[in-house]
Structures are given as structure tokens and as C-alpha cells.
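Asks: A single structure is presented below for examination.
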Amino acid sequence: MNARSPAIRWTRHALWPVAWALLAGHAQAQANPVTVWQAAPQNVVNLSAEASREVPQDLIAITLAATREGTDAATVQAQLRQVLDAALADARKAARPGALEVRTGGFNLSPRYAGKPGTAPTISGWQGRAELVIEGNDTAAVSQLAGRLTALTVARVGYGLSREARDKVEADVAAQAIGRFKDRAEAHARQFGFASYSLREVSVNGVESGGPAPMYRVAAAPMLATADQAQPVEPGKTTVTVSVNGSIQLSPR
């Protein structure tokens, strides 16, 4: 046993150079990685297709505003708050989720300056503005409520497409756009002399666009209206477009 021990110790020491060589080779491989070049894909065609549909806008939003002026900022703010609270209390009675909804809009208070030429301007008063927004898909109810709130004036009218209507139209238009993409892919494969194709990548995107909304002329003084008088409104139309972009791999079989 003792006679063999030196040989065993010698064998272990003899392995150290081999181990160090392996570790050095591994470190050298990590320091100089091998770059693997891949050939560019062949017979790839980029395609695009789109479809669109014009639909009537089913949402209306009427913004009503109240303005006040005075020499004291707190008084002007209190007057605006009083008008807005009274209008909100009246409007909430007619509110119905989706059909007619009410929310506050902008509220701001800013100083007015005065002064003689060559002198520093001083605050001579304050002016404020508060907004109330009535919106929903019941155009008649929204316009009637706007006409009934005579303490405020109509600042602007906007139109849009509801999420439900947009989702329904977009699904139909997307199916049409995808069908056109597939038709073009098949046609290109035949025209290039290939039997079929496979889809590499594709993206489907939808957008909504429309012409300018009709402008509503607002008088300088508050408009007088009876409880049965509605503000004249006429929604327009919007266009929902879905585009399909992608690439295909042409195949001989």
C-alpha cells in the first residue's frame, strides 16, 4: 500500500496541467465566440391589404360652459361652483348609463391685468370658466337636456363611435381585409410559379377616421330655451379601416 502511494500522488499531480489546459481553452472560446452565419430566407414576399366601411356616428358629446368675472377670486369661484352644482343636480335626474351620462369638464380661474404704459401691470379682476359635459348614444335626450340647462351656453359639440359599434364593424372589416390578404397571397404564389405559400408573420391594425364634425355656432349671451326645445344637432359619419401587413414564404408544393 505504501509502495503504490507515490504513484497515486504522482498521477494526481500529473492531471493538473491537463485541467488547466482545458480551462484555458474554455476561457479562450468564450472570449472569441464563433459567429454562425445564416443564409437569408428565400422566396419571401411582403404583402398588404386593407378594407374600410363608412358608418354613422352614434355618440354625441355636448360641452356646456359658464363664465363669471369679478374683482375677488373667491367670489368668482363660488359663483361658478353654484351654477355648476345646480346644473349637475338637474342633469343627473335624466342620466342613464350609456344613453345619457353627465360629467364635469374644465374648471379654471385666471387673473385680468391692467396698468398704464411703462408701469408694472396689476391684477384688476378675475375671470373663470366651468364646463359640464353631456354625452351618450341617445342623441335626442342629450340635445334636449342641453337645451334645458339655460344657465350655461353651448361651447362645443363632438361626435364619435361607441365601443360596441366599433367592435362590431371592426370585426366585419377585419374579416374582409384578411380575406383580401389571402387572395393576394394565393395570386402572387401562382404568378411566381409556386404551388402554395406559408404565412411567416402578419399584423392586423384598425383605425377610425372621419371628416370634421359640424361646428355649432354659440351666441355671446346665454341661449334661451324651453324645456321642450332641443339643441339642433346632426351626427356625421366615420370610416373604420383595418389594414393587414405581413410576409409569406412561397413553396413549390
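By convention in this document, the chains of the C-alpha cells carry letters A, B, ... by their order, each chain's residues are numbered from 1, and ligands are numbered from 1 in the order they are shown.
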Within range 53-88 of chain A, find each residue whose DSSP state, derived from the backbone, is strand (DSSP E), and express the selection as a PyMOL selection string.

Replies: chain A and resi 53-56+59-70

Asks: Enter the distance from CA of Arg53 in chain A to CA of Gly158 in chain A, in Å, rounded to one decimal.

Replies: 20.7 Å

Asks: Near Tyr197 in chain A, within 7 Å and counting only C-alpha atoms, which residues show up once chain neighbours fewer than 2 positions away are dropped, as a PDB file with N, CA and C atoms, in the first residue's frame?

Replies:
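File written: around-v7.pdb
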```
ATOM      1  N   ALA A 189     -48.413  33.714 -55.352  1.00  0.00           N
ATOM      2  CA  ALA A 189     -47.776  32.397 -55.429  1.00  0.00           C
ATOM      3  C   ALA A 189     -47.936  31.811 -56.830  1.00  0.00           C
ATOM      4  N   LEU A 199     -47.541  31.281 -44.226  1.00  0.00           N
ATOM      5  CA  LEU A 199     -47.525  32.596 -43.585  1.00  0.00           C
ATOM      6  C   LEU A 199     -46.335  32.702 -42.648  1.00  0.00           C
ATOM      7  N   ILE A 248     -45.050  36.312 -46.664  1.00  0.00           N
ATOM      8  CA  ILE A 248     -45.352  34.898 -46.930  1.00  0.00           C
ATOM      9  C   ILE A 248     -44.106  34.225 -47.513  1.00  0.00           C
ATOM     10  N   GLN A 249     -44.020  32.928 -47.322  1.00  0.00           N
ATOM     11  CA  GLN A 249     -42.928  32.113 -47.869  1.00  0.00           C
ATOM     12  C   GLN A 249     -43.500  31.273 -48.996  1.00  0.00           C
ATOM     13  N   LEU A 250     -43.029  31.489 -50.200  1.00  0.00           N
ATOM     14  CA  LEU A 250     -43.510  30.743 -51.348  1.00  0.00           C
ATOM     15  C   LEU A 250     -42.912  29.338 -51.329  1.00  0.00           C
ATOM     16  N   SER A 251     -43.756  28.355 -51.674  1.00  0.00           N
ATOM     17  CA  SER A 251     -43.329  26.956 -51.608  1.00  0.00           C
ATOM     18  C   SER A 251     -43.676  26.257 -52.913  1.00  0.00           C
TER      19      SER A 251
END
```

Asks: Once DSSP has gone over the backbone, tell me which residues of range 22-161 of chain A are in helix (DSSP H, G or I), as an NGL selection string.

Replies: :A and (22-31 or 73-92 or 139-148)

Asks: Dump C-alpha atoms for the selected residues as a PDB file, in the first residue's frame?

Replies:
```pdb
ATOM      1  CA  LEU A  22      -8.992  22.589 -20.616  1.00  0.00           C
ATOM      2  CA  LEU A  23      -9.961  25.631 -18.548  1.00  0.00           C
ATOM      3  CA  ALA A  24      -7.782  27.901 -20.664  1.00  0.00           C
ATOM      4  CA  GLY A  25      -9.339  26.538 -23.832  1.00  0.00           C
ATOM      5  CA  HIS A  26     -12.864  27.136 -22.472  1.00  0.00           C
ATOM      6  CA  ALA A  27     -11.993  30.714 -21.492  1.00  0.00           C
ATOM      7  CA  GLN A  28     -10.478  31.320 -24.941  1.00  0.00           C
ATOM      8  CA  ALA A  29     -13.662  30.016 -26.601  1.00  0.00           C
ATOM      9  CA  GLN A  30     -15.796  32.377 -24.528  1.00  0.00           C
ATOM     10  CA  ALA A  31     -13.531  35.308 -25.301  1.00  0.00           C
ATOM     11  CA  ALA A  73     -61.178  85.360  -6.965  1.00  0.00           C
ATOM     12  CA  ALA A  74     -63.044  83.512  -4.211  1.00  0.00           C
ATOM     13  CA  THR A  75     -66.340  85.157  -5.182  1.00  0.00           C
ATOM     14  CA  VAL A  76     -65.932  84.247  -8.862  1.00  0.00           C
ATOM     15  CA  GLN A  77     -65.074  80.676  -7.936  1.00  0.00           C
ATOM     16  CA  ALA A  78     -68.106  80.411  -5.639  1.00  0.00           C
ATOM     17  CA  GLN A  79     -70.405  81.727  -8.370  1.00  0.00           C
ATOM     18  CA  LEU A  80     -69.117  79.185 -10.868  1.00  0.00           C
ATOM     19  CA  ARG A  81     -69.476  76.385  -8.346  1.00  0.00           C
ATOM     20  CA  GLN A  82     -73.051  77.406  -7.621  1.00  0.00           C
ATOM     21  CA  VAL A  83     -74.038  77.401 -11.300  1.00  0.00           C
ATOM     22  CA  LEU A  84     -72.269  74.094 -11.921  1.00  0.00           C
ATOM     23  CA  ASP A  85     -73.789  72.353  -8.899  1.00  0.00           C
ATOM     24  CA  ALA A  86     -77.301  73.446  -9.901  1.00  0.00           C
ATOM     25  CA  ALA A  87     -76.799  72.204 -13.473  1.00  0.00           C
ATOM     26  CA  LEU A  88     -75.370  68.910 -12.253  1.00  0.00           C
ATOM     27  CA  ALA A  89     -78.320  68.310  -9.926  1.00  0.00           C
ATOM     28  CA  ASP A  90     -80.745  68.858 -12.806  1.00  0.00           C
ATOM     29  CA  ALA A  91     -78.748  66.802 -15.319  1.00  0.00           C
ATOM     30  CA  ARG A  92     -78.302  63.807 -13.020  1.00  0.00           C
ATOM     31  CA  THR A 139     -78.874  61.950 -29.354  1.00  0.00           C
ATOM     32  CA  ALA A 140     -82.378  63.269 -28.754  1.00  0.00           C
ATOM     33  CA  ALA A 141     -82.133  63.044 -24.953  1.00  0.00           C
ATOM     34  CA  VAL A 142     -78.670  64.643 -24.872  1.00  0.00           C
ATOM     35  CA  SER A 143     -79.727  67.555 -27.082  1.00  0.00           C
ATOM     36  CA  GLN A 144     -82.950  68.102 -25.113  1.00  0.00           C
ATOM     37  CA  LEU A 145     -81.072  68.221 -21.815  1.00  0.00           C
ATOM     38  CA  ALA A 146     -78.545  70.664 -23.259  1.00  0.00           C
ATOM     39  CA  GLY A 147     -81.371  72.947 -24.339  1.00  0.00           C
ATOM     40  CA  ARG A 148     -82.975  72.788 -20.899  1.00  0.00           C
TER      41      ARG A 148
END
```

Asks: How many Å separate CA of Pro235 in chain A from CA of Gly105 in chain A?

Replies: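 Separation between CA of Pro235 in chain A and CA of Gly105 in chain A: 21.4 Å.
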